[in-house]
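Okay, so here's the structure we're looking at.
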Amino acid sequence: MGLTAAAEWLNGFFNNFDSAILTFYHGAAGTMGNFLTPLMVFISYFGTKGIFSIILSLILMLFSRTRKAGLCALLAVGIGAILCNVILKPQIARPRPYTVSPYDEWWKDVGAHAEKDMSFPSGHVNVITATLAGIFLVSKKKKYTWTLLFGVILMAASRNYLMVHYPSDVMFGMITGFISAALSFVIIYFVYRAIEKRKENSLAKWVLEADLIKFVTSRRGRS
């Protein structure tokens, strides 16, 4: 089965860019004797199937101060999954870098971690970017939350280091993740505006005020 036109264009247009960065990671792995490999595998697990992102979003939703961030992150993950895994990956159908030489040998050198779906864009980077960018956009303390960017960088590095994605895959994973977060932010903004206009409504009141800490404290006070 041949490459799609989109996959062929990506391979040609980004060839030098992808090759240079993957060569760097291969050299780093060789120089350090694969010392970083377990760490990169561990980092990569945080993007697997969006489980970490969903759990983090749900935890944030338990508290009134972080509920908006949790909702924004969770919705961003959903939008990102549709954009990345339902639309782009099947249509572009770009094979993984480890299906061609010399990346197949470099992939084996760092543990040969196989993936079942196509390569473009990176789903791991997409979901982490969507999650963290969603939290960042909602946060009022951007002086501190910009550091979430490091999580995106680490995930991107892990996917390239393990030779399961081209650098152009992770770059577009970041782009689709941020687009997902931006769309989620706009939706959540208007949802909250509507909720705040109906503060007396029981559901609206719960969304704005319900808090796990307050609930636990009140239960202890009664006992």
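How things are named: the first chain in the structure tokens is A, the next is B, and so on; residues count from 1 in each chain; ligands count from 1 in the order shown.
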
Show me, as a Markdown table, the residues of stretch 71-189 of chain A having an atom within 7 Å of stretch 14-19 of chain A, each with the closest atom pair and its distance in Å, using only C-alpha atoms.
| residue | atom | partner | partner_atom | distance |
| --- | --- | --- | --- | --- |
| A:Tyr166 | CA | A:Asp18 | CA | 5.8 |
| A:Pro167 | CA | A:Asp18 | CA | 5.3 |
| A:Ser168 | CA | A:Asp18 | CA | 6.4 |

**Q.** Among listed residues A:Ile59, A:Ile195, A:Leu132, A:Ile87, nearest A:Phe178 (using only C-alpha atoms)
**A.**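 Distance minimum relative to A:Phe178 lands on A:Leu132.
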
Q. Quick one: of A:Ala93, A:Ile54, A:Val100, A:Leu22, who's nearest to A:Met118, counting only C-alpha atoms?
A.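 With only C-alpha atoms as the atom set, the closest residue is A:Ala93.
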
Q.
Just want the 12 Å neighbourhood of A:Ala204, counted on only C-alpha atoms, with same-chain residues fewer than 5 positions away dropped. Output as a list in words.
A.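 Using only C-alpha atoms, the neighbours found are Ser64, Val191, Tyr192, Arg193, Ala194, Ile195, Glu196, Lys197, Arg198, Lys199, Glu209 and Ala210 of chain A.
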
Any chance you can output those residues with N, CA and C atoms as a CSV table (one decimal), in the first residue's frame?
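Contents of result_23.csv, freshly written:
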chain,number,residue,atom,x,y,z
A,64,SER,N,-14.4,24.1,43.4
A,64,SER,CA,-15.0,25.3,42.8
A,64,SER,C,-14.0,26.2,42.1
A,191,VAL,N,-20.4,29.2,28.2
A,191,VAL,CA,-21.2,28.4,29.1
A,191,VAL,C,-21.2,29.0,30.5
A,192,TYR,N,-20.1,29.5,31.0
A,192,TYR,CA,-20.0,30.1,32.3
A,192,TYR,C,-20.8,31.5,32.4
A,193,ARG,N,-20.7,32.2,31.3
A,193,ARG,CA,-21.5,33.4,31.2
A,193,ARG,C,-23.0,33.1,31.4
A,194,ALA,N,-23.5,32.1,30.7
A,194,ALA,CA,-24.9,31.7,30.8
A,194,ALA,C,-25.2,31.2,32.2
A,195,ILE,N,-24.3,30.5,32.8
A,195,ILE,CA,-24.5,29.9,34.2
A,195,ILE,C,-24.5,31.1,35.2
A,196,GLU,N,-23.6,32.0,35.1
A,196,GLU,CA,-23.6,33.1,36.0
A,196,GLU,C,-24.8,34.0,36.0
A,197,LYS,N,-25.5,34.0,34.9
A,197,LYS,CA,-26.8,34.8,34.8
A,197,LYS,C,-27.9,34.0,35.4
A,198,ARG,N,-27.7,32.8,35.8
A,198,ARG,CA,-28.7,32.0,36.4
A,198,ARG,C,-28.2,31.4,37.7
A,199,LYS,N,-27.6,32.3,38.5
A,199,LYS,CA,-27.0,31.9,39.8
A,199,LYS,C,-28.0,31.2,40.8
A,209,GLU,N,-20.4,26.8,43.0
A,209,GLU,CA,-20.1,26.8,44.4
A,209,GLU,C,-19.7,25.5,45.0
A,210,ALA,N,-20.2,24.4,44.4
A,210,ALA,CA,-19.9,23.1,45.0
A,210,ALA,C,-18.4,22.8,45.1

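Computed from the coordinates, the atom CA of A:Ile175 to atom CA of A:Leu162 distance equals 20.8 Å.
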
Q | One-decimal distance in Å that lies between atom CA of A:Met40 and atom CA of A:Thr145 | A |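 Going from atom CA of A:Thr145 over to atom CA of A:Met40, I get 23.1 Å.
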
Q. So which residues touch stretch 43-52 of chain A within 7 Å, counting only C-alpha atoms, skipping near sequence neighbours fewer than 2 positions away, as a PyMOL selection string?
A. chain A and resi 39-41+54-56+124-125+127-128+155+158-159

Write the residues of the preceding selection, restricted to N, CA and C atoms, as a compact mmCIF listing (two decimals), in the first residue's frame.
# COMPACT_ATOMS: atom_id res chain seq x y z
N LEU A 39 13.25 7.02 31.56
CA LEU A 39 12.57 8.28 31.85
C LEU A 39 11.65 8.67 30.70
N MET A 40 12.12 8.52 29.47
CA MET A 40 11.32 8.88 28.30
C MET A 40 10.09 7.98 28.17
N VAL A 41 10.26 6.71 28.49
CA VAL A 41 9.13 5.78 28.47
C VAL A 41 8.10 6.19 29.52
N ILE A 54 -7.63 12.91 31.56
CA ILE A 54 -9.02 12.79 32.02
C ILE A 54 -9.08 12.79 33.54
N ILE A 55 -8.18 12.03 34.17
CA ILE A 55 -8.16 11.97 35.64
C ILE A 55 -7.84 13.34 36.23
N LEU A 56 -6.83 14.01 35.66
CA LEU A 56 -6.46 15.35 36.15
C LEU A 56 -7.63 16.31 36.00
N HIS A 124 -0.18 11.71 21.58
CA HIS A 124 0.32 11.97 22.93
C HIS A 124 0.56 13.46 23.16
N VAL A 125 1.21 14.09 22.20
CA VAL A 125 1.50 15.52 22.33
C VAL A 125 0.22 16.33 22.22
N VAL A 127 -2.85 15.46 23.17
CA VAL A 127 -3.67 15.39 24.38
C VAL A 127 -3.03 16.16 25.54
N ILE A 128 -1.71 16.09 25.66
CA ILE A 128 -1.05 16.83 26.74
C ILE A 128 -1.12 18.34 26.49
N MET A 155 6.93 15.83 26.72
CA MET A 155 6.20 14.81 25.97
C MET A 155 6.69 14.74 24.53
N SER A 158 10.03 13.01 24.42
CA SER A 158 9.95 11.56 24.66
C SER A 158 9.52 10.82 23.40
N ARG A 159 8.58 11.40 22.65
CA ARG A 159 8.08 10.72 21.45
C ARG A 159 9.13 10.67 20.34

Q.
I'd like the contact shell of A:Gly30 - 12 Å cut-off, only C-alpha atoms, skipping same-chain residues fewer than 6 positions apart - returned as a list of chain:residue names.
A.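 Residues meeting the cut-off are A:Thr23, A:Phe24, A:Leu36, A:Thr37, A:Trp106, A:Trp107, A:Asp109, A:Val110, A:Tyr161.
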
Would you put the residues from that selection into a file with C-alpha atoms, as an mmCIF file, in the first residue's frame?
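Saved to selection02.cif:
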data_model
loop_
_atom_site.group_PDB
_atom_site.id
_atom_site.type_symbol
_atom_site.label_atom_id
_atom_site.label_comp_id
_atom_site.auth_asym_id
_atom_site.auth_seq_id
_atom_site.Cartn_x
_atom_site.Cartn_y
_atom_site.Cartn_z
ATOM 1 C CA THR A 23 19.660 12.213 14.506
ATOM 2 C CA PHE A 24 20.246 14.415 17.552
ATOM 3 C CA LEU A 36 17.378 8.439 29.523
ATOM 4 C CA THR A 37 15.276 5.671 27.948
ATOM 5 C CA TRP A 106 17.457 3.606 16.055
ATOM 6 C CA TRP A 107 14.005 2.616 17.301
ATOM 7 C CA ASP A 109 18.196 0.792 20.127
ATOM 8 C CA VAL A 110 15.776 2.553 22.518
ATOM 9 C CA TYR A 161 13.589 10.064 21.523
#

Q) In terms of the shortest atom-to-atom distance over only C-alpha atoms, which of A:Leu208, A:Ala76, A:Cys84, A:Leu58 is closest to A:Ala182? A) A:Ala76
